[in-house]
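Some notes on the structure that comes next.
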Amino acid sequence: MRAPRRLGRPVPRDRLFDGSVMREVVRVSVPLMFGMVGNLVLMLVDRICLARYSEETLQASGPAVFTATTLIMLATGTVGITRSYVAQANGRKDDRGTMDEGARGIALALVLCVLLLASTPLITSIPALSGQPEAVQELEAQYLGLSTLFGSVMTLNMALSSYFNGIGRTRVPMTVGLIGQAVGLVMTYGLVFGRLGLPEMGMRGSALGTLSAVVVMFVGYCVGLPKGYAARLTALLGQGARSLIHELWLRLRRGAPAGGSMGLEELGQTAFVWLAGVLGLLALSANNVALSLNYAAVIPLIGLGLGCNILCGNAIGAGLYTSVPRIMRSTLLVCGVYVAVVAFFQIVTPTLLLSPFGLNEAGPETVESAVNTSRVLWTYSAAFMFSMVGSAVLECFGLSRFGFLTRIVLMWCLCVPTIATVVLTHRGEADLLPVIWLIFSFFEAVMAVVCLWRIRKAVANRENLLVEAGPPAEDAETSQPACTDGSNIPRTESQTGP
């Protein structure tokens, strides 16, 4: 058993950054970032394979992947609220409560899997509305037909990973994810090109490669579950339909806005892809390449956002509301360093970064358009950094509904109509692609400002909408003074032991 950590001097209230808090953010977030980087590598290999397979798969990859991701984000984002519930229970030192919350997440995921699979016929009909060439529509439909299958497994994986992340065992999702992603890399390459003794399946092979990866992850999560988890899940499912529906409805009320916000964000990016296509096939191809590079910039940031979500959830569960701003500032500092490095290479060496995506084979005009777009992508990364952390922390307070409504207003009432007006009045002008990226970045920055304002208000009022009632937050705040060694931050399971 570890010796108790010695208390240091109180942290001055005007200190912007606390080194101990930053170390805690890095400790929790680094495994999550590795997991995100693994997802990034899998996504990049998938997009590179499709870009090099044929011009048609390059054109189809952007709309198909974004459309599928939008639907999957809706399901996984809804189930992802489990992470905040588990984190708060862990902050209260309630071991049984963490398993109960994890079991409720699995039950909710099973319901959403059924709905996701039932939507397959509707999803496969979407490409017909795009107006793209028939060959491109067929490839998009092939991918989307399998997306609901691997999306269902992803939803179950989200519930399982949320449990491990919520209790601070972030290395488990990292390890499981990296193993699954390694399998996915091999299968995607083999199935797209017909290598390694596998059949050549092109676009369909890309989807099957993703399916193989998430199935391996699911098995890994199940193997890593602690004793007693299965018993809690069995008890939950056996408590009667009426009680189970009540339990799931409570989670759905908080989780659906979170999933809706993520889905709307992804849907907004999907609409962005479709609108870029209005500028012509040249802009569509260049934008698909630029999107892959943009993902390389923002996906690792999501790992830091998840770490911030976990630590803030622990703090809110323990009643330590004044720890939330320090955790956020430390997270944003680390994010800022990463974004600055990536922005440097996007501006100075865009051609080098874009070359793996088959850009040299796409023609000089596409190269020029993609390079010009790459040089403004840093504006979106910078805005996303703040909005992503803000949305993650709002979820900890149970304020996902606020984020959802804000996303609707900014994305669909303002951003999308603005971009639509620009592209519809400048059809075929591919050189406007950087301009619409700047518009997109501006509204993401506004989203960040609104989220940060609401968080400040929630901290001041000590809000926690994930629980119906609990001990007064003031008691928890005064019982553990802020210290320079970070002892005012609730310890995760990996530090305190089982």
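We name chains A, B, ... following the order of the structure tokens; residues begin at 1 in each chain, and ligands are numbered from 1 as shown.
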Leaving out segment 83-95 of chain A and any residue of its chain fewer than 3 positions from it, which residues lie within 8 Å of it when counting only C-alpha atoms, given as a tab-separated table (two decimals) with C-alpha atoms, in the first residue's frame?
```
chain	number	residue	atom	x	y	z
A	80	GLY	CA	-20.05	7.64	-23.86
A	98	THR	CA	-18.57	2.11	-10.83
A	99	MET	CA	-19.50	-1.43	-11.91
A	101	GLU	CA	-22.72	2.40	-13.97
A	102	GLY	CA	-20.60	0.34	-16.37
A	159	ALA	CA	-19.48	1.23	-23.20
A	162	SER	CA	-15.91	4.09	-20.75
A	163	TYR	CA	-15.83	1.86	-17.68
A	165	ASN	CA	-11.44	5.08	-18.54
A	166	GLY	CA	-13.82	6.24	-15.82
A	167	ILE	CA	-11.92	4.35	-13.12
A	168	GLY	CA	-8.60	5.64	-14.41
A	309	ASN	CA	-13.30	14.61	-18.86
A	310	ILE	CA	-12.19	11.80	-16.53
A	311	LEU	CA	-10.33	14.02	-14.07
A	313	GLY	CA	-15.64	13.88	-13.45
A	314	ASN	CA	-13.58	12.56	-10.53
A	315	ALA	CA	-13.37	16.07	-9.09
A	316	ILE	CA	-17.11	16.78	-9.46
A	317	GLY	CA	-17.98	13.40	-7.95
A	318	ALA	CA	-15.82	14.27	-4.94
A	395	GLU	CA	-20.64	16.40	-20.09
A	396	CYS	CA	-19.16	15.96	-16.58
A	466	LEU	CA	-25.84	13.63	-13.35
A	490	PRO	CA	-9.21	12.75	-6.70
A	491	ARG	CA	-6.93	9.78	-7.18
A	492	THR	CA	-7.82	7.27	-9.88
A	493	GLU	CA	-7.81	3.53	-9.30
```
Practice task
Check segment 192-231 of chain A with DSSP on the backbone and list each residue it calls helix (DSSP H, G or I), as a list of chain:residue names.
Solution key: A:Val192, A:Phe193, A:Met203, A:Arg204, A:Gly205, A:Ser206, A:Ala207, A:Leu208, A:Gly209, A:Thr210, A:Leu211, A:Ser212, A:Ala213, A:Val214, A:Val215, A:Val216, A:Met217, A:Phe218, A:Val219, A:Gly220, A:Tyr221, A:Cys222, A:Val223, A:Gly224, A:Tyr229, A:Ala230, A:Ala231
Save out the residues we just selected, N, CA and C atoms, as a PDB file, in the first residue's frame.
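The resulting file, part.pdb, is shown below:
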```
ATOM      1  N   VAL A 192      -8.308  -4.552 -49.319  1.00  0.00           N
ATOM      2  CA  VAL A 192      -8.481  -3.516 -50.350  1.00  0.00           C
ATOM      3  C   VAL A 192      -7.752  -3.911 -51.631  1.00  0.00           C
ATOM      4  N   PHE A 193      -6.479  -4.331 -51.487  1.00  0.00           N
ATOM      5  CA  PHE A 193      -5.654  -4.607 -52.664  1.00  0.00           C
ATOM      6  C   PHE A 193      -5.587  -6.089 -53.034  1.00  0.00           C
ATOM      7  N   MET A 203     -13.416  -0.942 -51.887  1.00  0.00           N
ATOM      8  CA  MET A 203     -14.133  -0.163 -50.873  1.00  0.00           C
ATOM      9  C   MET A 203     -14.737  -1.054 -49.798  1.00  0.00           C
ATOM     10  N   ARG A 204     -15.315  -2.154 -50.198  1.00  0.00           N
ATOM     11  CA  ARG A 204     -15.914  -3.093 -49.244  1.00  0.00           C
ATOM     12  C   ARG A 204     -14.834  -3.689 -48.336  1.00  0.00           C
ATOM     13  N   GLY A 205     -13.645  -3.907 -48.862  1.00  0.00           N
ATOM     14  CA  GLY A 205     -12.553  -4.432 -48.056  1.00  0.00           C
ATOM     15  C   GLY A 205     -12.136  -3.472 -46.960  1.00  0.00           C
ATOM     16  N   SER A 206     -12.227  -2.169 -47.223  1.00  0.00           N
ATOM     17  CA  SER A 206     -11.931  -1.176 -46.205  1.00  0.00           C
ATOM     18  C   SER A 206     -12.875  -1.312 -45.011  1.00  0.00           C
ATOM     19  N   ALA A 207     -14.161  -1.469 -45.280  1.00  0.00           N
ATOM     20  CA  ALA A 207     -15.152  -1.618 -44.203  1.00  0.00           C
ATOM     21  C   ALA A 207     -14.932  -2.911 -43.428  1.00  0.00           C
ATOM     22  N   LEU A 208     -14.618  -3.999 -44.125  1.00  0.00           N
ATOM     23  CA  LEU A 208     -14.387  -5.272 -43.451  1.00  0.00           C
ATOM     24  C   LEU A 208     -13.109  -5.232 -42.611  1.00  0.00           C
ATOM     25  N   GLY A 209     -12.106  -4.482 -43.054  1.00  0.00           N
ATOM     26  CA  GLY A 209     -10.903  -4.316 -42.250  1.00  0.00           C
ATOM     27  C   GLY A 209     -11.210  -3.614 -40.935  1.00  0.00           C
ATOM     28  N   THR A 210     -12.064  -2.589 -40.991  1.00  0.00           N
ATOM     29  CA  THR A 210     -12.485  -1.904 -39.767  1.00  0.00           C
ATOM     30  C   THR A 210     -13.272  -2.836 -38.856  1.00  0.00           C
ATOM     31  N   LEU A 211     -14.137  -3.655 -39.446  1.00  0.00           N
ATOM     32  CA  LEU A 211     -14.922  -4.606 -38.657  1.00  0.00           C
ATOM     33  C   LEU A 211     -14.017  -5.589 -37.915  1.00  0.00           C
ATOM     34  N   SER A 212     -12.990  -6.091 -38.586  1.00  0.00           N
ATOM     35  CA  SER A 212     -12.080  -7.039 -37.937  1.00  0.00           C
ATOM     36  C   SER A 212     -11.375  -6.393 -36.754  1.00  0.00           C
ATOM     37  N   ALA A 213     -11.014  -5.109 -36.886  1.00  0.00           N
ATOM     38  CA  ALA A 213     -10.326  -4.403 -35.803  1.00  0.00           C
ATOM     39  C   ALA A 213     -11.214  -4.261 -34.577  1.00  0.00           C
ATOM     40  N   VAL A 214     -12.457  -3.837 -34.762  1.00  0.00           N
ATOM     41  CA  VAL A 214     -13.323  -3.579 -33.606  1.00  0.00           C
ATOM     42  C   VAL A 214     -13.772  -4.871 -32.934  1.00  0.00           C
ATOM     43  N   VAL A 215     -13.879  -5.963 -33.689  1.00  0.00           N
ATOM     44  CA  VAL A 215     -14.221  -7.251 -33.083  1.00  0.00           C
ATOM     45  C   VAL A 215     -13.102  -7.723 -32.155  1.00  0.00           C
ATOM     46  N   VAL A 216     -11.851  -7.567 -32.597  1.00  0.00           N
ATOM     47  CA  VAL A 216     -10.712  -7.926 -31.748  1.00  0.00           C
ATOM     48  C   VAL A 216     -10.703  -7.069 -30.483  1.00  0.00           C
ATOM     49  N   MET A 217     -11.014  -5.783 -30.607  1.00  0.00           N
ATOM     50  CA  MET A 217     -11.079  -4.918 -29.434  1.00  0.00           C
ATOM     51  C   MET A 217     -12.164  -5.376 -28.460  1.00  0.00           C
ATOM     52  N   PHE A 218     -13.307  -5.756 -28.986  1.00  0.00           N
ATOM     53  CA  PHE A 218     -14.404  -6.205 -28.127  1.00  0.00           C
ATOM     54  C   PHE A 218     -13.983  -7.414 -27.289  1.00  0.00           C
ATOM     55  N   VAL A 219     -13.320  -8.363 -27.919  1.00  0.00           N
ATOM     56  CA  VAL A 219     -12.842  -9.547 -27.200  1.00  0.00           C
ATOM     57  C   VAL A 219     -11.838  -9.139 -26.120  1.00  0.00           C
ATOM     58  N   GLY A 220     -10.948  -8.216 -26.454  1.00  0.00           N
ATOM     59  CA  GLY A 220      -9.959  -7.762 -25.489  1.00  0.00           C
ATOM     60  C   GLY A 220     -10.575  -7.102 -24.274  1.00  0.00           C
ATOM     61  N   TYR A 221     -11.574  -6.258 -24.488  1.00  0.00           N
ATOM     62  CA  TYR A 221     -12.252  -5.612 -23.362  1.00  0.00           C
ATOM     63  C   TYR A 221     -12.927  -6.643 -22.449  1.00  0.00           C
ATOM     64  N   CYS A 222     -13.591  -7.617 -23.060  1.00  0.00           N
ATOM     65  CA  CYS A 222     -14.285  -8.637 -22.267  1.00  0.00           C
ATOM     66  C   CYS A 222     -13.304  -9.426 -21.407  1.00  0.00           C
ATOM     67  N   VAL A 223     -12.139  -9.720 -21.952  1.00  0.00           N
ATOM     68  CA  VAL A 223     -11.128 -10.453 -21.193  1.00  0.00           C
ATOM     69  C   VAL A 223     -10.629  -9.625 -20.009  1.00  0.00           C
ATOM     70  N   GLY A 224     -10.544  -8.316 -20.170  1.00  0.00           N
ATOM     71  CA  GLY A 224      -9.989  -7.456 -19.125  1.00  0.00           C
ATOM     72  C   GLY A 224     -10.959  -7.024 -18.051  1.00  0.00           C
ATOM     73  N   TYR A 229     -18.078  -7.824 -12.471  1.00  0.00           N
ATOM     74  CA  TYR A 229     -18.723  -6.987 -13.484  1.00  0.00           C
ATOM     75  C   TYR A 229     -19.862  -7.744 -14.156  1.00  0.00           C
ATOM     76  N   ALA A 230     -19.598  -8.988 -14.547  1.00  0.00           N
ATOM     77  CA  ALA A 230     -20.636  -9.792 -15.197  1.00  0.00           C
ATOM     78  C   ALA A 230     -21.825 -10.002 -14.270  1.00  0.00           C
ATOM     79  N   ALA A 231     -21.546 -10.180 -12.971  1.00  0.00           N
ATOM     80  CA  ALA A 231     -22.631 -10.385 -12.009  1.00  0.00           C
ATOM     81  C   ALA A 231     -23.499  -9.139 -11.898  1.00  0.00           C
TER      82      ALA A 231
END
```
Practice task
Pick out the residues sitting within 8 Å of Thr76 of chain A, and hand them over as number ranges by chain; count only C-alpha atoms, and ignore anything fewer than 4 positions along from it in its own chain.
Solution key: A: 72, 80, 154-155, 158-159, 259
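For the residues A:Ala271, A:Val278, A:Met385, A:Met328, ranking by smallest atom-to-atom distance to Gly307 of chain A using only C-alpha atoms places A:Met328 first.
If you measure from each of A:Glu55, A:Glu368, A:Asp46, A:Glu24 to Leu191 of chain A using only C-alpha atoms, the closest one turns out to be A:Asp46.
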Would you kindly return, as a compact mmCIF listing (two decimals) with N, CA and C atoms, in the first residue's frame, each protein, DNA or RNA residue with an atom no farther than 8 Å from any atom of Met262 of chain A, considering only C-alpha atoms and excluding same-chain residues fewer than 3 positions away?
```
# COMPACT_ATOMS: atom_id res chain seq x y z
N THR A 70 -20.89 9.87 -38.81
CA THR A 70 -21.94 10.68 -38.20
C THR A 70 -22.94 9.80 -37.46
N MET A 73 -21.22 8.08 -34.47
CA MET A 73 -20.97 9.03 -33.40
C MET A 73 -22.20 9.27 -32.55
N LEU A 74 -23.36 9.25 -33.18
CA LEU A 74 -24.61 9.44 -32.45
C LEU A 74 -24.78 8.34 -31.41
N GLY A 77 -21.50 8.35 -28.92
CA GLY A 77 -21.54 9.54 -28.07
C GLY A 77 -22.58 9.41 -26.97
N ALA A 258 -25.45 14.33 -25.55
CA ALA A 258 -24.01 14.21 -25.82
C ALA A 258 -23.78 13.53 -27.16
N GLY A 259 -24.50 12.44 -27.40
CA GLY A 259 -24.39 11.77 -28.69
C GLY A 259 -24.90 12.64 -29.82
N GLU A 265 -21.91 17.46 -34.81
CA GLU A 265 -20.59 17.95 -35.20
C GLU A 265 -20.07 17.17 -36.41
N GLU A 266 -20.23 15.84 -36.35
CA GLU A 266 -19.77 15.03 -37.46
C GLU A 266 -20.65 15.24 -38.69
```
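Using only C-alpha atoms, the protein and nucleic acid residues lying no more than 7 Å from Ile455 of chain A, apart from those fewer than 4 places from it along its own chain, are Leu394, Cys451 and Val459 of chain A.
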Output of the above residues as a PDB file, in the first residue's frame, restricted to N, CA, C and O atoms:
```pdb
ATOM      1  N   LEU A 394     -18.423  19.960 -20.076  1.00  0.00           N
ATOM      2  CA  LEU A 394     -19.877  20.126 -19.937  1.00  0.00           C
ATOM      3  C   LEU A 394     -20.557  18.791 -19.649  1.00  0.00           C
ATOM      4  O   LEU A 394     -21.493  18.707 -18.847  1.00  0.00           O
ATOM      5  N   CYS A 451     -19.128  27.427 -24.681  1.00  0.00           N
ATOM      6  CA  CYS A 451     -18.925  26.311 -23.749  1.00  0.00           C
ATOM      7  C   CYS A 451     -18.149  26.755 -22.512  1.00  0.00           C
ATOM      8  O   CYS A 451     -18.506  26.396 -21.377  1.00  0.00           O
ATOM      9  N   VAL A 459     -19.315  25.903 -12.486  1.00  0.00           N
ATOM     10  CA  VAL A 459     -18.374  25.810 -11.361  1.00  0.00           C
ATOM     11  C   VAL A 459     -18.804  26.746 -10.238  1.00  0.00           C
ATOM     12  O   VAL A 459     -18.802  26.365  -9.052  1.00  0.00           O
TER      13      VAL A 459
END
```
